[in-house]
Amino acid sequence: MATVITSAALAPAHGSGSSGSSIGHAAAAGRACLEQAGLSAADVDVLINVGVYRDSNIVEPSVAALIQKSIGINLDYLRSPDRRAAFSFDLMNGACGVLNAVQAAGALLSTGGARRVMVVCADTHPSTDPSRAGTTAFPYASTGAALLLEHTGDALGFGRVHHRSLPGGHGVNGYLPLPDVGADGRNSIVVDRDDDVLDRMLALAVDSVHTVLNAEDGAHGTDDAGRAHVALDRTLLVTSQPSPAFAARLAKRLGLASDAAVTVEGVHGDPHTSALVHGYRQALDTGRLAGHDRVLFLTVGAGLTSAASLYRLPDTGDGTAR
């Protein structure tokens, strides 16, 4: 039994403009997810928001509740035909948040506590000015994405979510220096990156791949460092994208062809919490899932922490469960 992807959507849609609102991006992606699946907002039982950087640095109320309202998910459940209430909450763990949400969704779905769980991920510069996103000062893209998840009775879908962490500094820090920004606090954010953070993220990603493959597939011999050999036949890598070259560099470090990992295109800046959905959706749209039996979803973010899970692809021709 496993959790499967019913649909995946992005916002803003290809070729459309951007309002710069993380709430708007998340809601638009959520509505597109439902449209793809031929479902309505009433078919969602739980919404999990994993976005970190949000409009006007909102702290309260829960951003997930604002997204739920914008999508229109069971706003008045007492008047709905089946009188089912919907629940929403924020779960923030940087780039790793989407896999943490998959893990939480799996628990809800496997116990019957929910029929469908929607995961939304969107980030933006707090000013909601798209021109200030994807810059040296704020490296993250103004974009969003959504996954609609369900439960299946077979072995397809997400496997266990594996976690790793490195000791030492966080590598990346996003914060609001209140004494400095004064009255402009709602429109300001500071993001600091250590000079060596990308190299540290890459090293953690390599270790994470070895860890998940060794746990899921068993050892395939070891290299000089005692790590399990990589066995990624018919497996596509979909990773976080802290830099444009990250996916290709990871593939090279693993001894794979540069196209063994999906590099997100058409996004200005680091997609951050939306990166996995962007990569997965791009692989669907370009036919890159063909010839693969599974996807290795891998994220590395501040902490430094990583999350990884093998997703066994349903045989539907487009990678989604229907």
# chains A, B, ... in the order shown; residues from 1 in each chain; ligands from 1
call {"tool": "select_by_dssp", "arguments": {"residues": "range 147-290 of chain A", "states": "alpha helix (DSSP H)", "output": "PyMOL selection string"}}
result
chain A and resi 178-181+197-217+246-253+275-286
call {"tool": "write_last_selection", "arguments": {"atoms": "C-alpha atoms", "output": "PDB file, in the first residue's frame"}}
result
ATOM      1  CA  LEU A 178      13.522  44.159  12.377  1.00  0.00           C
ATOM      2  CA  PRO A 179      15.786  46.986  13.650  1.00  0.00           C
ATOM      3  CA  ASP A 180      17.020  47.637  10.107  1.00  0.00           C
ATOM      4  CA  VAL A 181      13.840  47.431   8.025  1.00  0.00           C
ATOM      5  CA  VAL A 197      26.727  25.764   0.786  1.00  0.00           C
ATOM      6  CA  LEU A 198      26.200  24.361  -2.716  1.00  0.00           C
ATOM      7  CA  ASP A 199      29.164  22.016  -2.359  1.00  0.00           C
ATOM      8  CA  ARG A 200      27.872  20.873   1.034  1.00  0.00           C
ATOM      9  CA  MET A 201      24.385  20.353  -0.414  1.00  0.00           C
ATOM     10  CA  LEU A 202      25.857  18.319  -3.256  1.00  0.00           C
ATOM     11  CA  ALA A 203      27.822  16.098  -0.877  1.00  0.00           C
ATOM     12  CA  LEU A 204      24.716  15.536   1.257  1.00  0.00           C
ATOM     13  CA  ALA A 205      22.666  14.736  -1.857  1.00  0.00           C
ATOM     14  CA  VAL A 206      25.168  12.079  -2.951  1.00  0.00           C
ATOM     15  CA  ASP A 207      25.130  10.475   0.497  1.00  0.00           C
ATOM     16  CA  SER A 208      21.341  10.591   0.515  1.00  0.00           C
ATOM     17  CA  VAL A 209      21.096   8.765  -2.796  1.00  0.00           C
ATOM     18  CA  HIS A 210      23.377   6.002  -1.512  1.00  0.00           C
ATOM     19  CA  THR A 211      21.362   5.794   1.711  1.00  0.00           C
ATOM     20  CA  VAL A 212      17.974   5.438   0.059  1.00  0.00           C
ATOM     21  CA  LEU A 213      19.146   2.962  -2.567  1.00  0.00           C
ATOM     22  CA  ASN A 214      20.921   0.824  -0.002  1.00  0.00           C
ATOM     23  CA  ALA A 215      17.790   0.808   2.184  1.00  0.00           C
ATOM     24  CA  GLU A 216      15.331   0.152  -0.633  1.00  0.00           C
ATOM     25  CA  ASP A 217      17.309  -2.037  -3.019  1.00  0.00           C
ATOM     26  CA  PHE A 246      22.714  21.302  -9.321  1.00  0.00           C
ATOM     27  CA  ALA A 247      20.912  18.394 -10.998  1.00  0.00           C
ATOM     28  CA  ALA A 248      23.601  17.928 -13.652  1.00  0.00           C
ATOM     29  CA  ARG A 249      26.387  18.181 -11.052  1.00  0.00           C
ATOM     30  CA  LEU A 250      24.659  15.567  -8.903  1.00  0.00           C
ATOM     31  CA  ALA A 251      24.316  13.192 -11.854  1.00  0.00           C
ATOM     32  CA  LYS A 252      28.002  13.631 -12.623  1.00  0.00           C
ATOM     33  CA  ARG A 253      29.006  12.928  -9.018  1.00  0.00           C
ATOM     34  CA  ALA A 275      11.150  22.263  -7.182  1.00  0.00           C
ATOM     35  CA  LEU A 276      10.090  18.597  -7.023  1.00  0.00           C
ATOM     36  CA  VAL A 277       6.692  19.268  -8.558  1.00  0.00           C
ATOM     37  CA  HIS A 278       8.250  21.452 -11.256  1.00  0.00           C
ATOM     38  CA  GLY A 279      10.707  18.696 -12.126  1.00  0.00           C
ATOM     39  CA  TYR A 280       8.069  15.974 -12.082  1.00  0.00           C
ATOM     40  CA  ARG A 281       5.610  18.002 -14.158  1.00  0.00           C
ATOM     41  CA  GLN A 282       8.361  18.857 -16.653  1.00  0.00           C
ATOM     42  CA  ALA A 283       9.267  15.170 -16.949  1.00  0.00           C
ATOM     43  CA  LEU A 284       5.607  14.359 -17.618  1.00  0.00           C
ATOM     44  CA  ASP A 285       5.195  17.076 -20.221  1.00  0.00           C
ATOM     45  CA  THR A 286       8.367  16.205 -22.116  1.00  0.00           C
TER      46      THR A 286
END
call {"tool": "select_by_dssp", "arguments": {"residues": "range 183-268 of chain A", "states": "strand (DSSP E)", "output": "number ranges by chain"}}
result
A: 190-193, 235-239, 261-262
call {"tool": "closest_atom_pairs", "arguments": {"of": "range 61-139 of chain A", "to": "range 32-46 of chain A", "cutoff": "8 Å", "atoms": "only C-alpha atoms", "output": "JSON lines"}}
result
{"residue": "A:Ile71", "atom": "CA", "partner": "A:Ala41", "partner_atom": "CA", "distance": 6.9}
{"residue": "A:Gly72", "atom": "CA", "partner": "A:Ala41", "partner_atom": "CA", "distance": 6.1}
{"residue": "A:Ile73", "atom": "CA", "partner": "A:Ala41", "partner_atom": "CA", "distance": 4.7}
{"residue": "A:Asn74", "atom": "CA", "partner": "A:Ala42", "partner_atom": "CA", "distance": 5.4}
{"residue": "A:Ser80", "atom": "CA", "partner": "A:Ala42", "partner_atom": "CA", "distance": 7.8}
{"residue": "A:Arg84", "atom": "CA", "partner": "A:Asp45", "partner_atom": "CA", "distance": 7.7}
{"residue": "A:Ala85", "atom": "CA", "partner": "A:Asp45", "partner_atom": "CA", "distance": 7.0}
{"residue": "A:Ala86", "atom": "CA", "partner": "A:Asp45", "partner_atom": "CA", "distance": 4.6}
{"residue": "A:Phe87", "atom": "CA", "partner": "A:Val46", "partner_atom": "CA", "distance": 4.8}
{"residue": "A:Ser88", "atom": "CA", "partner": "A:Val46", "partner_atom": "CA", "distance": 5.5}
{"residue": "A:Ala114", "atom": "CA", "partner": "A:Asp45", "partner_atom": "CA", "distance": 5.6}
{"residue": "A:Arg115", "atom": "CA", "partner": "A:Asp45", "partner_atom": "CA", "distance": 6.4}
{"residue": "A:Arg116", "atom": "CA", "partner": "A:Val44", "partner_atom": "CA", "distance": 5.2}
{"residue": "A:Val117", "atom": "CA", "partner": "A:Val46", "partner_atom": "CA", "distance": 4.8}
{"residue": "A:Met118", "atom": "CA", "partner": "A:Val46", "partner_atom": "CA", "distance": 6.3}
call {"tool": "residues_around", "arguments": {"residues": "Val98 in chain A", "least_positions_apart": "6", "cutoff": "12 Å", "atoms": "only C-alpha atoms", "output": "PyMOL selection string"}}
result
chain A and resi 48-52+90-92+104-105+118-122+144-149+161+239-240+272-278+297-301+306-309
call {"tool": "residues_around", "arguments": {"residues": "Gly171 in chain A", "least_positions_apart": "3", "cutoff": "8 Å", "atoms": "only C-alpha atoms", "output": "ChimeraX atom specification"}}
result
/A:193-194,196-197,302-304
call {"tool": "write_last_selection", "arguments": {"atoms": "C-alpha atoms", "output": "compact mmCIF listing (two decimals), in the first residue's frame"}}
result
# COMPACT_ATOMS: atom_id res chain seq x y z
CA ARG A 193 24.06 31.78 1.81
CA ASP A 194 27.41 30.44 2.97
CA ASP A 196 30.39 26.66 0.36
CA VAL A 197 26.73 25.76 0.79
CA ALA A 302 18.94 24.53 4.89
CA GLY A 303 19.78 22.68 8.02
CA LEU A 304 21.60 21.15 6.20
call {"tool": "residues_around", "arguments": {"residues": "Gly112 in chain A", "least_positions_apart": "5", "cutoff": "10 Å", "atoms": "only C-alpha atoms", "output": "compact mmCIF listing (two decimals) with C-alpha atoms, in the first residue's frame"}}
result
# COMPACT_ATOMS: atom_id res chain seq x y z
CA GLY A 106 0.63 8.85 3.69
CA ALA A 107 -0.31 8.45 7.35
CA HIS A 151 -3.94 5.91 -1.55
call {"tool": "atom_distance", "arguments": {"atom1": "CA of His170 in chain A", "atom2": "CA of Thr305 in chain A"}}
result
8.7 Å
call {"tool": "residues_around", "arguments": {"residues": "Tyr140 in chain A", "least_positions_apart": "3", "cutoff": "9 Å", "atoms": "only C-alpha atoms", "output": "list in words"}}
result
Tyr53, Asp123, Thr124, His125, Ala133, Gly134, Thr135, Thr143, Pro242, His268, Gly269, Asp270, Pro271 and His272 of chain A
call {"tool": "decode", "arguments": {"residues": "range 161-190 of chain A", "atoms": "N, CA and C atoms", "output": "PDB file, in the first residue's frame"}}
result
ATOM      1  N   VAL A 161      10.088   7.732   3.184  1.00  0.00           N
ATOM      2  CA  VAL A 161      10.845   8.975   3.061  1.00  0.00           C
ATOM      3  C   VAL A 161      12.049   8.887   3.992  1.00  0.00           C
ATOM      4  N   HIS A 162      13.244   8.987   3.409  1.00  0.00           N
ATOM      5  CA  HIS A 162      14.493   8.882   4.166  1.00  0.00           C
ATOM      6  C   HIS A 162      15.056  10.275   4.425  1.00  0.00           C
ATOM      7  N   HIS A 163      15.598  10.479   5.618  1.00  0.00           N
ATOM      8  CA  HIS A 163      16.121  11.782   6.015  1.00  0.00           C
ATOM      9  C   HIS A 163      17.594  11.673   6.383  1.00  0.00           C
ATOM     10  N   ARG A 164      18.330  12.736   6.049  1.00  0.00           N
ATOM     11  CA  ARG A 164      19.733  12.838   6.439  1.00  0.00           C
ATOM     12  C   ARG A 164      19.991  14.275   6.886  1.00  0.00           C
ATOM     13  N   SER A 165      21.049  14.467   7.661  1.00  0.00           N
ATOM     14  CA  SER A 165      21.422  15.824   8.058  1.00  0.00           C
ATOM     15  C   SER A 165      22.914  15.895   8.261  1.00  0.00           C
ATOM     16  N   LEU A 166      23.442  17.116   8.148  1.00  0.00           N
ATOM     17  CA  LEU A 166      24.861  17.357   8.364  1.00  0.00           C
ATOM     18  C   LEU A 166      25.040  18.236   9.593  1.00  0.00           C
ATOM     19  N   PRO A 167      26.101  18.020  10.362  1.00  0.00           N
ATOM     20  CA  PRO A 167      26.377  18.919  11.487  1.00  0.00           C
ATOM     21  C   PRO A 167      26.892  20.260  10.976  1.00  0.00           C
ATOM     22  N   GLY A 168      26.909  21.235  11.838  1.00  0.00           N
ATOM     23  CA  GLY A 168      27.443  22.537  11.455  1.00  0.00           C
ATOM     24  C   GLY A 168      26.355  23.546  11.181  1.00  0.00           C
ATOM     25  N   GLY A 169      26.743  24.626  10.509  1.00  0.00           N
ATOM     26  CA  GLY A 169      25.840  25.734  10.245  1.00  0.00           C
ATOM     27  C   GLY A 169      24.728  25.373   9.283  1.00  0.00           C
ATOM     28  N   HIS A 170      23.712  26.214   9.266  1.00  0.00           N
ATOM     29  CA  HIS A 170      22.545  25.966   8.413  1.00  0.00           C
ATOM     30  C   HIS A 170      22.861  26.095   6.931  1.00  0.00           C
ATOM     31  N   GLY A 171      23.857  26.875   6.581  1.00  0.00           N
ATOM     32  CA  GLY A 171      24.197  27.048   5.170  1.00  0.00           C
ATOM     33  C   GLY A 171      23.413  28.154   4.503  1.00  0.00           C
ATOM     34  N   VAL A 172      22.114  28.204   4.762  1.00  0.00           N
ATOM     35  CA  VAL A 172      21.248  29.245   4.219  1.00  0.00           C
ATOM     36  C   VAL A 172      20.369  29.770   5.353  1.00  0.00           C
ATOM     37  N   ASN A 173      20.283  31.072   5.476  1.00  0.00           N
ATOM     38  CA  ASN A 173      19.443  31.684   6.498  1.00  0.00           C
ATOM     39  C   ASN A 173      18.568  32.761   5.880  1.00  0.00           C
ATOM     40  N   GLY A 174      17.266  32.634   6.047  1.00  0.00           N
ATOM     41  CA  GLY A 174      16.332  33.676   5.635  1.00  0.00           C
ATOM     42  C   GLY A 174      15.723  34.306   6.872  1.00  0.00           C
ATOM     43  N   TYR A 175      15.799  35.613   6.984  1.00  0.00           N
ATOM     44  CA  TYR A 175      15.336  36.259   8.208  1.00  0.00           C
ATOM     45  C   TYR A 175      14.947  37.710   7.930  1.00  0.00           C
ATOM     46  N   LEU A 176      14.280  38.303   8.903  1.00  0.00           N
ATOM     47  CA  LEU A 176      13.830  39.683   8.813  1.00  0.00           C
ATOM     48  C   LEU A 176      14.518  40.480   9.914  1.00  0.00           C
ATOM     49  N   PRO A 177      15.498  41.334   9.577  1.00  0.00           N
ATOM     50  CA  PRO A 177      16.192  42.136  10.592  1.00  0.00           C
ATOM     51  C   PRO A 177      15.334  43.339  11.007  1.00  0.00           C
ATOM     52  N   LEU A 178      14.508  43.147  12.001  1.00  0.00           N
ATOM     53  CA  LEU A 178      13.522  44.159  12.377  1.00  0.00           C
ATOM     54  C   LEU A 178      14.113  45.534  12.666  1.00  0.00           C
ATOM     55  N   PRO A 179      15.257  45.644  13.378  1.00  0.00           N
ATOM     56  CA  PRO A 179      15.786  46.986  13.650  1.00  0.00           C
ATOM     57  C   PRO A 179      16.193  47.740  12.381  1.00  0.00           C
ATOM     58  N   ASP A 180      16.527  46.997  11.332  1.00  0.00           N
ATOM     59  CA  ASP A 180      17.020  47.637  10.107  1.00  0.00           C
ATOM     60  C   ASP A 180      15.907  48.015   9.137  1.00  0.00           C
ATOM     61  N   VAL A 181      14.857  47.201   9.056  1.00  0.00           N
ATOM     62  CA  VAL A 181      13.840  47.431   8.025  1.00  0.00           C
ATOM     63  C   VAL A 181      12.783  48.437   8.440  1.00  0.00           C
ATOM     64  N   GLY A 182      12.630  48.640   9.729  1.00  0.00           N
ATOM     65  CA  GLY A 182      11.671  49.640  10.190  1.00  0.00           C
ATOM     66  C   GLY A 182      10.261  49.366   9.723  1.00  0.00           C
ATOM     67  N   ALA A 183       9.619  50.398   9.161  1.00  0.00           N
ATOM     68  CA  ALA A 183       8.222  50.283   8.743  1.00  0.00           C
ATOM     69  C   ALA A 183       8.052  49.467   7.471  1.00  0.00           C
ATOM     70  N   ASP A 184       9.168  49.064   6.839  1.00  0.00           N
ATOM     71  CA  ASP A 184       9.082  48.310   5.588  1.00  0.00           C
ATOM     72  C   ASP A 184       9.187  46.809   5.817  1.00  0.00           C
ATOM     73  N   GLY A 185       8.898  46.352   7.033  1.00  0.00           N
ATOM     74  CA  GLY A 185       9.075  44.943   7.362  1.00  0.00           C
ATOM     75  C   GLY A 185       8.226  43.996   6.547  1.00  0.00           C
ATOM     76  N   ARG A 186       7.033  44.426   6.138  1.00  0.00           N
ATOM     77  CA  ARG A 186       6.169  43.533   5.365  1.00  0.00           C
ATOM     78  C   ARG A 186       6.694  43.307   3.952  1.00  0.00           C
ATOM     79  N   ASN A 187       7.591  44.147   3.498  1.00  0.00           N
ATOM     80  CA  ASN A 187       8.097  44.046   2.129  1.00  0.00           C
ATOM     81  C   ASN A 187       9.557  43.627   2.068  1.00  0.00           C
ATOM     82  N   SER A 188      10.123  43.177   3.193  1.00  0.00           N
ATOM     83  CA  SER A 188      11.565  42.928   3.256  1.00  0.00           C
ATOM     84  C   SER A 188      11.878  41.513   3.714  1.00  0.00           C
ATOM     85  N   ILE A 189      13.001  41.011   3.279  1.00  0.00           N
ATOM     86  CA  ILE A 189      13.540  39.730   3.737  1.00  0.00           C
ATOM     87  C   ILE A 189      15.021  39.714   3.385  1.00  0.00           C
ATOM     88  N   VAL A 190      15.808  39.038   4.183  1.00  0.00           N
ATOM     89  CA  VAL A 190      17.239  38.871   3.911  1.00  0.00           C
ATOM     90  C   VAL A 190      17.527  37.381   3.823  1.00  0.00           C
TER      91      VAL A 190
END
